[in-house]
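File shown: structure-v6.txt. Contents: compact mmCIF, C-alpha atoms.
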# COMPACT_ATOMS: atom_id res chain seq x y z
CA MET A 1 -21.52 -32.47 -72.57
CA ARG A 2 -22.14 -29.33 -70.58
CA LYS A 3 -24.52 -31.19 -68.23
CA LYS A 4 -21.85 -33.81 -67.53
CA LYS A 5 -19.29 -31.06 -66.84
CA LYS A 6 -21.62 -29.24 -64.44
CA GLY A 7 -22.45 -32.48 -62.66
CA TYR A 8 -18.77 -33.25 -62.29
CA GLN A 9 -18.10 -29.80 -60.84
CA ARG A 10 -20.96 -30.13 -58.36
CA LYS A 11 -19.71 -33.54 -57.31
CA ARG A 12 -16.16 -32.19 -56.94
CA THR A 13 -17.41 -29.23 -54.88
CA GLY A 14 -19.34 -31.56 -52.62
CA VAL A 15 -16.28 -33.77 -52.10
CA LEU A 16 -14.10 -30.74 -51.28
CA PHE A 17 -16.70 -29.51 -48.82
CA ILE A 18 -16.72 -32.88 -47.08
CA TYR A 19 -12.90 -32.91 -47.02
CA LYS A 20 -12.82 -29.41 -45.49
CA ARG A 21 -15.39 -30.27 -42.82
CA THR A 22 -13.55 -33.47 -42.02
CA LEU A 23 -10.21 -31.63 -41.83
CA ILE A 24 -11.67 -28.96 -39.53
CA LEU A 25 -13.16 -31.64 -37.29
CA ILE A 26 -9.86 -33.54 -37.11
CA CYS A 27 -7.89 -30.34 -36.37
CA SER A 28 -10.38 -29.34 -33.70
CA VAL A 29 -10.11 -32.72 -31.99
CA LEU A 30 -6.31 -32.61 -32.17
CA PHE A 31 -6.27 -29.06 -30.78
CA LEU A 32 -8.59 -30.10 -27.96
CA LEU A 33 -6.50 -33.15 -27.10
CA THR A 34 -3.28 -31.15 -27.26
CA GLY A 35 -4.73 -28.50 -24.98
CA ILE A 36 -5.90 -31.07 -22.47
CA ALA A 37 -2.52 -32.79 -22.54
CA ALA A 38 -0.71 -29.51 -22.00
CA MET A 39 -2.94 -28.57 -19.06
CA THR A 40 -2.67 -31.93 -17.35
CA SER A 41 1.05 -32.45 -17.90
CA ALA A 42 2.15 -28.93 -16.96
CA GLY A 43 3.68 -28.29 -13.57
CA PRO A 44 1.50 -26.94 -10.75
CA ALA A 45 2.84 -23.43 -11.28
CA TYR A 46 1.53 -23.39 -14.85
CA ARG A 47 -1.82 -25.11 -14.46
CA LEU A 48 -5.06 -23.23 -14.65
CA SER A 49 -6.28 -22.61 -11.11
CA SER A 50 -8.56 -20.29 -9.19
CA GLN A 51 -5.49 -18.33 -8.10
CA ALA A 52 -4.35 -17.96 -11.71
CA LEU A 53 -7.82 -16.82 -12.75
CA THR A 54 -7.89 -14.34 -9.88
CA GLU A 55 -4.53 -12.88 -10.92
CA TRP A 56 -5.66 -12.78 -14.55
CA THR A 57 -8.91 -10.95 -13.84
CA ARG A 58 -7.21 -8.65 -11.33
CA GLN A 59 -5.31 -7.05 -14.18
CA MET A 60 -8.57 -5.82 -15.72
CA ASP A 61 -9.99 -2.43 -14.80
CA SER A 62 -13.09 -2.40 -12.59
CA GLY A 63 -14.87 -0.36 -15.26
CA VAL A 64 -14.96 -3.46 -17.48
CA TYR A 65 -16.98 -5.39 -14.91
CA LEU A 66 -19.26 -2.42 -14.30
CA HIS A 67 -19.96 -2.19 -18.01
CA LEU A 68 -20.73 -5.91 -18.28
CA LEU A 69 -23.02 -5.85 -15.24
CA SER A 70 -24.85 -2.76 -16.49
CA ASN A 71 -25.77 -4.63 -19.67
CA GLU A 72 -27.57 -7.23 -17.59
CA ASN A 73 -28.92 -5.10 -14.75
CA LYS A 74 -30.07 -1.51 -15.29
CA VAL A 75 -29.37 -0.69 -11.64
CA PHE A 76 -25.65 -0.63 -12.42
CA GLN A 77 -26.20 1.85 -15.24
CA SER A 78 -26.83 4.55 -12.66
CA MET A 79 -23.28 4.05 -11.38
CA GLN A 80 -21.81 5.01 -14.71
CA THR A 81 -21.05 8.67 -15.39
CA ASP A 82 -20.46 10.62 -18.55
CA GLU A 83 -16.73 10.37 -17.80
CA THR A 84 -16.84 6.56 -17.68
CA PRO A 85 -14.82 5.41 -20.72
CA SER A 86 -16.36 2.97 -23.15
CA ILE A 87 -14.79 -0.45 -23.55
CA GLN A 88 -12.36 -0.80 -26.44
CA LEU A 89 -12.53 -4.45 -27.47
CA ALA A 90 -9.06 -4.52 -29.03
CA ASP A 91 -7.47 -3.00 -25.90
CA LEU A 92 -9.41 -5.37 -23.67
CA LEU A 93 -8.30 -8.46 -25.63
CA LEU A 94 -4.69 -7.27 -25.56
CA GLN A 95 -4.88 -6.74 -21.80
CA MET A 96 -6.47 -10.16 -21.21
CA MET A 97 -3.91 -12.00 -23.33
CA THR A 98 -0.74 -10.14 -22.31
CA THR A 99 -1.65 -8.11 -19.14
CA ILE A 100 -0.34 -5.08 -21.06
CA LYS A 101 -2.47 -1.94 -20.86
CA PRO A 102 -1.98 0.28 -23.93
CA ASP A 103 -2.38 3.45 -21.87
CA ASP A 104 0.03 2.32 -19.12
CA PRO A 105 3.64 1.72 -20.24
CA ARG A 106 4.53 0.38 -16.78
CA THR A 107 2.76 -2.88 -17.63
CA LEU A 108 5.28 -3.47 -20.44
CA LEU A 109 8.46 -1.90 -19.07
CA GLY A 110 7.95 -3.28 -15.56
CA SER A 111 9.03 -6.77 -16.60
CA GLU A 112 11.78 -5.63 -18.97
CA ILE A 113 13.75 -2.96 -17.09
CA PRO A 114 15.46 -3.96 -13.81
CA GLY A 115 13.89 -2.11 -10.89
CA PHE A 116 10.97 -0.84 -12.95
CA SER A 117 8.64 -3.36 -11.29
CA LEU A 118 8.52 -0.83 -8.44
CA TYR A 119 6.04 1.08 -10.54
CA GLU A 120 3.50 -1.73 -10.31
CA ASN A 121 2.56 0.03 -7.10
CA GLN A 122 -0.49 2.24 -7.43
CA ILE A 123 -1.05 5.83 -6.40
CA VAL A 124 -4.56 5.72 -4.99
CA ILE A 125 -4.47 9.39 -3.97
CA ALA A 126 -1.65 11.66 -5.11
CA GLY A 127 -0.68 14.32 -2.63
CA GLU A 128 1.15 17.50 -3.55
CA GLY A 129 4.08 16.70 -5.86
CA THR A 130 3.49 12.93 -5.77
CA ASN A 131 3.82 10.98 -9.02
CA TYR A 132 5.30 7.72 -10.28
CA THR A 133 8.82 9.15 -10.25
CA ASN A 134 8.87 9.66 -6.47
CA LEU A 135 6.97 6.73 -5.00
CA PRO A 136 7.95 5.68 -1.48
CA ILE A 137 11.12 3.59 -1.51
CA GLU A 138 11.98 1.22 1.30
CA SER A 139 15.51 1.52 2.62
CA GLY A 140 18.01 -1.05 1.50
CA GLN A 141 19.67 -3.45 3.87
CA PRO A 142 22.18 -1.61 6.10
CA ASP A 143 25.79 -2.73 5.96
CA HIS A 144 26.11 -2.04 9.67
CA VAL A 145 24.35 -0.16 12.42
CA ILE A 146 26.05 2.64 14.34
CA GLU A 147 25.41 2.35 18.05
CA GLU A 148 26.79 5.60 19.46
CA GLU A 149 24.54 7.83 21.49
CA PRO A 150 22.60 10.38 19.41
CA PRO A 151 24.05 13.91 19.19
CA ALA A 152 22.62 16.63 21.38
CA ASP A 153 20.54 18.18 18.60
CA THR A 154 18.15 15.21 18.60
CA GLU A 155 16.88 16.08 22.07
CA LYS A 156 13.38 17.50 22.00
CA GLU A 157 12.74 21.03 23.14
CA LYS A 158 11.35 21.06 26.66
CA GLU A 159 9.25 24.22 26.70
CA PRO A 160 6.76 23.26 23.97
CA GLU A 161 6.27 19.86 25.60
CA GLU A 162 5.58 21.44 28.98
CA GLU A 163 2.98 23.70 27.40
CA LYS A 164 1.26 20.71 25.79
CA GLU A 165 1.27 18.81 29.07
CA THR A 166 -0.80 21.55 30.73
CA LYS A 167 -3.58 21.36 28.16
CA PRO A 168 -5.26 18.18 29.43
CA GLU A 169 -5.10 19.54 33.00
CA GLU A 170 -6.90 22.70 32.00
CA ASN A 171 -9.70 20.73 30.33
CA LYS A 172 -9.62 17.51 32.34
CA ASN A 173 -13.29 17.80 33.26
CA THR A 174 -14.50 18.15 29.67
CA ALA A 175 -11.86 16.49 27.49
CA PRO A 176 -12.87 13.07 26.07
CA SER A 177 -10.83 10.07 27.04
CA THR A 178 -10.67 6.35 26.37
CA GLY A 179 -10.11 5.87 30.10
CA ASP A 180 -8.10 2.77 30.91
CA LYS A 181 -8.48 1.42 27.37
CA ASP A 182 -5.57 1.50 24.97
CA VAL A 183 -6.90 1.72 21.42
CA VAL A 184 -3.77 2.58 19.40
CA PHE A 185 -0.70 0.39 18.94
CA ILE A 186 2.52 1.84 17.49
CA TYR A 187 5.51 -0.26 16.48
CA TYR A 188 8.54 -0.07 14.21
CA THR A 189 9.42 -2.82 11.74
CA HIS A 190 12.49 -0.88 10.58
CA ASN A 191 13.19 0.59 14.00
CA GLN A 192 16.77 1.65 13.17
CA GLU A 193 15.84 3.86 10.20
CA SER A 194 17.31 7.24 11.02
CA TYR A 195 17.52 10.84 9.78
CA LEU A 196 20.93 11.89 8.48
CA PRO A 197 20.93 15.64 9.36
CA SER A 198 20.42 14.76 13.02
CA LEU A 199 23.55 12.59 13.08
CA ASP A 200 27.10 13.86 13.38
CA ALA A 201 29.63 13.57 10.56
CA LYS A 202 30.98 10.21 11.71
CA GLN A 203 27.49 8.71 11.86
CA GLN A 204 26.40 9.89 8.42
CA GLU A 205 27.96 6.92 6.68
CA THR A 206 24.59 5.23 7.02
CA ALA A 207 20.96 6.21 7.42
CA TYR A 208 20.58 3.81 10.34
CA ASN A 209 21.15 4.39 14.02
CA LYS A 210 20.27 2.35 17.06
CA ASN A 211 19.46 5.37 19.21
CA ALA A 212 18.32 8.29 17.03
CA ASN A 213 15.70 6.97 14.62
CA VAL A 214 12.00 6.69 13.73
CA THR A 215 11.13 5.58 17.25
CA ASP A 216 11.60 9.22 18.32
CA ALA A 217 8.77 10.21 16.00
CA GLY A 218 6.58 7.32 17.14
CA GLU A 219 7.10 8.08 20.83
CA ALA A 220 6.26 11.75 20.24
CA MET A 221 3.08 10.65 18.48
CA ALA A 222 2.14 8.33 21.33
CA LYS A 223 2.73 10.99 23.97
CA ARG A 224 0.56 13.51 22.15
CA LEU A 225 -2.20 10.93 21.68
CA GLU A 226 -2.17 10.22 25.41
CA GLU A 227 -2.41 13.95 26.11
CA LEU A 228 -5.47 14.06 23.88
CA GLY A 229 -7.17 11.25 25.79
CA ILE A 230 -6.43 8.36 23.44
CA GLY A 231 -4.85 5.38 25.15
CA THR A 232 -1.76 4.31 23.22
CA VAL A 233 0.77 1.50 23.48
CA THR A 234 4.19 1.62 21.81
CA ASP A 235 6.55 -1.27 21.27
CA GLN A 236 10.31 -0.68 21.27
CA THR A 237 11.34 -4.16 20.13
CA ASP A 238 14.62 -3.97 18.22
CA ILE A 239 13.63 -5.82 15.04
CA GLY A 240 17.12 -5.27 13.61
CA ALA A 241 18.61 -7.18 16.55
CA ILE A 242 16.10 -10.02 16.03
CA LEU A 243 17.18 -10.30 12.39
CA ASN A 244 20.81 -10.56 13.41
CA GLU A 245 20.06 -13.02 16.20
CA LYS A 246 18.03 -15.35 13.98
CA GLY A 247 20.17 -14.93 10.87
CA MET A 248 17.27 -13.49 8.90
CA ALA A 249 17.64 -11.23 5.86
CA TYR A 250 16.55 -7.60 5.97
CA HIS A 251 13.63 -8.26 3.62
CA GLN A 252 12.25 -10.58 6.32
CA SER A 253 11.77 -7.65 8.72
CA TYR A 254 7.97 -7.87 8.52
CA GLU A 255 8.17 -11.57 9.26
CA ALA A 256 10.26 -10.74 12.32
CA SER A 257 7.90 -8.00 13.54
CA ARG A 258 4.72 -10.00 12.97
CA PRO A 259 4.83 -11.87 16.33
CA VAL A 260 5.15 -8.49 18.08
CA VAL A 261 1.96 -7.18 16.46
CA GLU A 262 0.01 -10.42 16.86
CA ALA A 263 0.91 -10.68 20.53
CA ALA A 264 -0.14 -7.10 21.23
CA VAL A 265 -3.48 -7.39 19.43
CA SER A 266 -4.35 -10.79 20.93
CA LYS A 267 -3.42 -9.62 24.44
CA ASN A 268 -5.43 -6.40 24.27
CA LYS A 269 -8.73 -6.63 22.38
CA ASP A 270 -9.23 -2.86 22.69
CA LEU A 271 -6.33 -2.17 20.33
CA ALA A 272 -8.08 -1.21 17.10
CA PHE A 273 -5.59 1.04 15.30
CA VAL A 274 -2.17 -0.35 14.41
CA PHE A 275 0.48 2.03 13.04
CA ASP A 276 3.89 0.92 11.75
CA ILE A 277 6.21 3.96 11.64
CA HIS A 278 8.94 4.25 8.99
CA ARG A 279 10.88 6.87 7.10
CA ASP A 280 11.33 7.04 3.34
CA SER A 281 14.56 6.97 1.31
CA LEU A 282 13.66 9.76 -1.09
CA LYS A 283 15.48 13.09 -1.22
CA ARG A 284 14.60 15.92 1.13
CA LYS A 285 12.89 17.95 -1.58
CA ASP A 286 10.25 15.23 -1.92
CA THR A 287 9.67 14.69 1.79
CA THR A 288 9.62 18.20 3.27
CA LYS A 289 6.88 20.81 3.67
CA GLU A 290 6.95 24.27 5.24
CA ILE A 291 3.72 25.33 6.95
CA ASN A 292 3.31 28.67 8.73
CA GLY A 293 7.06 29.10 9.04
CA ASP A 294 7.69 25.63 10.50
CA VAL A 295 9.32 22.80 8.57
CA TYR A 296 7.64 19.40 8.62
CA ALA A 297 8.51 15.96 7.31
CA LYS A 298 5.81 14.88 4.89
CA VAL A 299 3.84 11.72 5.59
CA VAL A 300 2.67 9.09 3.13
CA PHE A 301 0.35 6.13 3.76
CA VAL A 302 1.33 2.71 2.39
CA VAL A 303 -1.28 -0.04 2.15
CA GLY A 304 -0.41 -3.65 1.33
CA ALA A 305 -2.69 -4.69 -1.55
CA GLU A 306 -1.88 -8.39 -1.12
CA ASN A 307 -3.91 -8.44 2.08
CA LYS A 308 -7.28 -9.85 1.00
CA ASP A 309 -9.17 -7.29 3.11
CA TYR A 310 -6.93 -4.37 2.26
CA GLU A 311 -9.92 -2.19 1.22
CA LYS A 312 -10.74 -1.52 4.88
CA ASN A 313 -7.20 -0.37 5.62
CA LEU A 314 -7.28 1.64 2.43
CA LYS A 315 -10.36 3.48 3.66
CA LEU A 316 -8.63 4.40 6.92
CA ALA A 317 -5.59 5.73 5.06
CA THR A 318 -7.81 7.65 2.65
CA ASP A 319 -9.84 9.22 5.46
CA LEU A 320 -6.72 10.29 7.35
CA HIS A 321 -5.10 11.68 4.22
CA GLU A 322 -8.19 13.74 3.41
CA LYS A 323 -8.33 15.07 6.96
CA ILE A 324 -4.67 16.07 6.83
CA GLU A 325 -5.16 17.78 3.49
CA ALA A 326 -8.19 19.68 4.79
CA GLU A 327 -6.20 21.15 7.69
CA TYR A 328 -2.62 21.19 6.39
CA PRO A 329 -2.55 21.04 2.56
CA GLY A 330 0.60 19.49 1.19
CA LEU A 331 1.65 17.71 4.38
CA SER A 332 0.45 14.32 3.12
CA ARG A 333 2.09 12.86 0.04
CA GLY A 334 -0.91 10.64 -0.53
CA VAL A 335 -1.98 7.01 -0.32
CA ILE A 336 -0.04 4.23 -2.07
CA THR A 337 -0.82 0.54 -2.46
CA LYS A 338 2.05 -1.91 -2.89
CA GLN A 339 2.14 -5.46 -4.18
CA GLY A 340 4.12 -7.77 -6.42
CA ALA A 341 7.77 -8.76 -6.57
CA GLY A 342 10.27 -6.96 -4.41
CA VAL A 343 7.84 -5.81 -1.70
CA ASP A 344 6.15 -7.48 1.26
CA GLY A 345 2.66 -6.70 -0.02
CA VAL A 346 0.88 -7.29 3.31
CA TYR A 347 2.95 -5.41 5.89
CA ASN A 348 1.20 -7.22 8.77
CA GLN A 349 -1.93 -5.19 8.01
CA ASP A 350 -4.08 -8.32 8.05
CA VAL A 351 -3.97 -8.27 11.87
CA SER A 352 -6.38 -5.33 11.94
CA ASP A 353 -8.80 -3.65 9.54
CA LYS A 354 -7.52 -0.32 10.89
CA ALA A 355 -3.82 -0.79 10.22
CA ALA A 356 -1.54 1.57 8.30
CA LEU A 357 2.11 1.99 7.48
CA LEU A 358 3.24 5.61 7.85
CA GLU A 359 6.39 6.87 6.14
CA ILE A 360 7.25 10.04 8.09
CA GLY A 361 9.77 12.05 6.13
CA GLY A 362 12.89 10.72 4.46
CA ALA A 363 16.55 10.22 5.28
CA GLY A 364 17.14 13.89 4.48
CA ASN A 365 14.78 15.17 7.17
CA THR A 366 15.74 15.82 10.79
CA VAL A 367 14.40 14.05 13.83
CA GLU A 368 12.80 17.34 14.91
CA GLU A 369 10.91 17.65 11.62
CA ALA A 370 9.70 14.07 11.91
CA THR A 371 8.55 14.45 15.53
CA ARG A 372 6.84 17.72 14.66
CA THR A 373 4.84 15.90 12.01
CA ALA A 374 4.14 12.96 14.33
CA GLU A 375 2.65 15.29 16.95
CA LEU A 376 0.55 17.04 14.32
CA PHE A 377 -0.65 13.70 13.01
CA ALA A 378 -1.66 12.72 16.56
CA GLU A 379 -3.84 15.83 16.81
CA ILE A 380 -5.45 15.13 13.44
CA PHE A 381 -6.01 11.48 14.32
CA ALA A 382 -7.56 12.47 17.65
CA ASP A 383 -10.12 14.62 15.83
CA TYR A 384 -10.80 11.73 13.46
CA TYR A 385 -11.16 9.26 16.32
CA TRP A 386 -13.54 11.34 18.41
CA ASP A 387 -15.63 12.25 15.35
CA ALA A 388 -15.95 8.55 14.58
CA GLU A 389 -16.95 7.85 18.18
CA LYS A 390 -19.76 10.39 17.92
CA VAL A 391 -21.02 8.87 14.68
CA GLN A 392 -21.00 5.38 16.21
CA GLY A 393 -22.72 6.65 19.33
CA GLY A 394 -19.72 5.88 21.54
CA GLN A 395 -19.51 7.57 24.93
CA ALA A 396 -16.23 9.12 26.00
CA GLN A 397 -15.21 8.05 29.45
What do you get writing this file as structure tokens?
Amino acid sequence: MRKKKKGYQRKRTGVLFIYKRTLILICSVLFLLTGIAAMTSAGPAYRLSSQALTEWTRQMDSGVYLHLLSNENKVFQSMQTDETPSIQLADLLLQMMTTIKPDDPRTLLGSEIPGFSLYENQIVIAGEGTNYTNLPIESGQPDHVIEEEPPADTEKEKEPEEEKETKPEENKNTAPSTGDKDVVFIYYTHNQESYLPSLDAKQQETAYNKNANVTDAGEAMAKRLEELGIGTVTDQTDIGAILNEKGMAYHQSYEASRPVVEAAVSKNKDLAFVFDIHRDSLKRKDTTKEINGDVYAKVVFVVGAENKDYEKNLKLATDLHEKIEAEYPGLSRGVITKQGAGVDGVYNQDVSDKAALLEIGGAGNTVEEATRTAELFAEIFADYYWDAEKVQGGQAQ
């Protein structure tokens, strides 16, 4: 009796095992077919593609790839330091499935709180006082543009300029020069961005002005560069007028300024450095620095991370920031990369691997403070340029 019972149980167990295996196989096939149907019937925006995979893997920290490569090739192990964090599998799976990083609340709040997507931008190098609460903010679309002549206090002081003009004459036999080559191009995508303290009471209804604006800073920079032997071209195209003429929205400013940059670079192959001059919208306390008794508008470098070769532009911005910090600590607010919704993400920086967007001061600074910084930046850039020429074996003409 017991033998029959045991045999029955073994037979029943075997049947259940077969049923389970068969059920798992059927469910697996159904899951596979359902997945294939979903992938093939989904719209193009939801299908798995190389672009989707690129965006998916972009969310992962570079340390993950370094760790994986080091397991296969010992050469990569030397790149890891004691400070390199170990991979937490649970955190990694959460990040891969949801793009949420447990140690970065911006990845969760950015898609839930209106305006918080701004913080998708990355601080590559934080200058003095720079953090995620005072990232550079592009000006909003102006309601109108005041066209009166700038007040008298925007005029530059003559005596300092005359002193600077004599310097090249004194050293004209020894000072380096690019000769008849223009190597720097300066333009202004938001050319009507202005500085409120330099406008009279009637004009302070807006931070835009057709006459007193960021072009004053850019022209001061260009003049100083020329004095230091670096051939420079500036473009005064009124991008705001082009937007009005073509009926384009303000967020299309970079689209409107792109032909200007492309034409300049294609026409003159010697133009290597391309600088787009702006001013920030942050408060004065975040954009001002006093150095040796003089007040300067701080500068911050913005790099478009949606440009596929943005690393080269990032290196230029990093080098210039470090040089500024070495000579004038606190003058640079740092280096920021921008991408994602609500920003351009390229900023025409794909036209040159030595392009940068410079935010010189904010709406609370004066034109004088901005031009003072622009002239100082020109001197720092000149040192950077001639040092690079020596390293590359270039001969000054």
Could you jot down the CA of Asp387 (chain A) to CA of Thr373 (chain A) separation for me, Å, one decimal place?
21.1 Å
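For the pair CA of Ser198 (chain A) and CA of Met248 (chain A), the interatomic distance is 28.7 Å.
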List as a list in words the residues having at least one atom at most 12 Å from position (12.1, -7.3, 19.0) as given in the file, counting all atoms listed in the file.
Tyr187, Tyr188, Thr189, His190, Asn191, Gln192, Asp235, Gln236, Thr237, Asp238, Ile239, Gly240, Ala241, Ile242, Leu243, Asn244, Glu245, Lys246, Ser253, Tyr254, Glu255, Ala256, Ser257, Arg258, Pro259, Val260, Val261 and Ala263 of chain A
Neighbours of region 366-371 of chain A within 8 Å (all atoms listed in the file; same-chain residues fewer than 5 positions away dropped), as a PDB file with C-alpha atoms, in the frame of the given file?
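After the write, part.pdb holds the following:
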ATOM      1  CA  THR A 154      18.150  15.210  18.600  1.00  0.00           C
ATOM      2  CA  LYS A 156      13.380  17.500  22.000  1.00  0.00           C
ATOM      3  CA  SER A 194      17.310   7.240  11.020  1.00  0.00           C
ATOM      4  CA  TYR A 195      17.520  10.840   9.780  1.00  0.00           C
ATOM      5  CA  LEU A 196      20.930  11.890   8.480  1.00  0.00           C
ATOM      6  CA  PRO A 197      20.930  15.640   9.360  1.00  0.00           C
ATOM      7  CA  SER A 198      20.420  14.760  13.020  1.00  0.00           C
ATOM      8  CA  ALA A 212      18.320   8.290  17.030  1.00  0.00           C
ATOM      9  CA  ASN A 213      15.700   6.970  14.620  1.00  0.00           C
ATOM     10  CA  VAL A 214      12.000   6.690  13.730  1.00  0.00           C
ATOM     11  CA  ASP A 216      11.600   9.220  18.320  1.00  0.00           C
ATOM     12  CA  ALA A 217       8.770  10.210  16.000  1.00  0.00           C
ATOM     13  CA  GLY A 218       6.580   7.320  17.140  1.00  0.00           C
ATOM     14  CA  ALA A 220       6.260  11.750  20.240  1.00  0.00           C
ATOM     15  CA  MET A 221       3.080  10.650  18.480  1.00  0.00           C
ATOM     16  CA  VAL A 295       9.320  22.800   8.570  1.00  0.00           C
ATOM     17  CA  TYR A 296       7.640  19.400   8.620  1.00  0.00           C
ATOM     18  CA  ALA A 297       8.510  15.960   7.310  1.00  0.00           C
ATOM     19  CA  ILE A 360       7.250  10.040   8.090  1.00  0.00           C
ATOM     20  CA  GLY A 361       9.770  12.050   6.130  1.00  0.00           C
TER      21      GLY A 361
END
Minimum-distance residue to Gly340 (chain A), chosen among A:Glu128, A:Arg372, A:Gln122, A:Leu23 (using all atoms listed in the file)
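Looking only at the distances to Gly340 (chain A), the closest residue turns out to be A:Gln122.
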Using only C-alpha atoms, which protein or nucleic acid residues come within 7 Å of region 269-276 of chain A? Drop anything in the same chain fewer than 6 positions from it, and give the result as a PyMOL selection string.
chain A and resi 181-189+352+354-358
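If you look at CA of Ile277 (chain A) and CA of Thr215 (chain A), they are 7.6 Å away from each other.
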Residues within 9 Å of Lys323 (chain A), only C-alpha atoms, excluding chain neighbours under 6 positions, as a PyMOL selection string:
chain A and resi 380-381+384
When you look at Glu359 (chain A) with a cut-off of 9 Å (counting only C-alpha atoms), what residues show up, excluding the ones that are within fewer than 3 positions of it in the same chain? I need them as a list in words.
Pro136, Asp276, Ile277, His278, Arg279, Asp280, Lys298, Val299, Val300, Phe301, Val302 and Gly362 of chain A
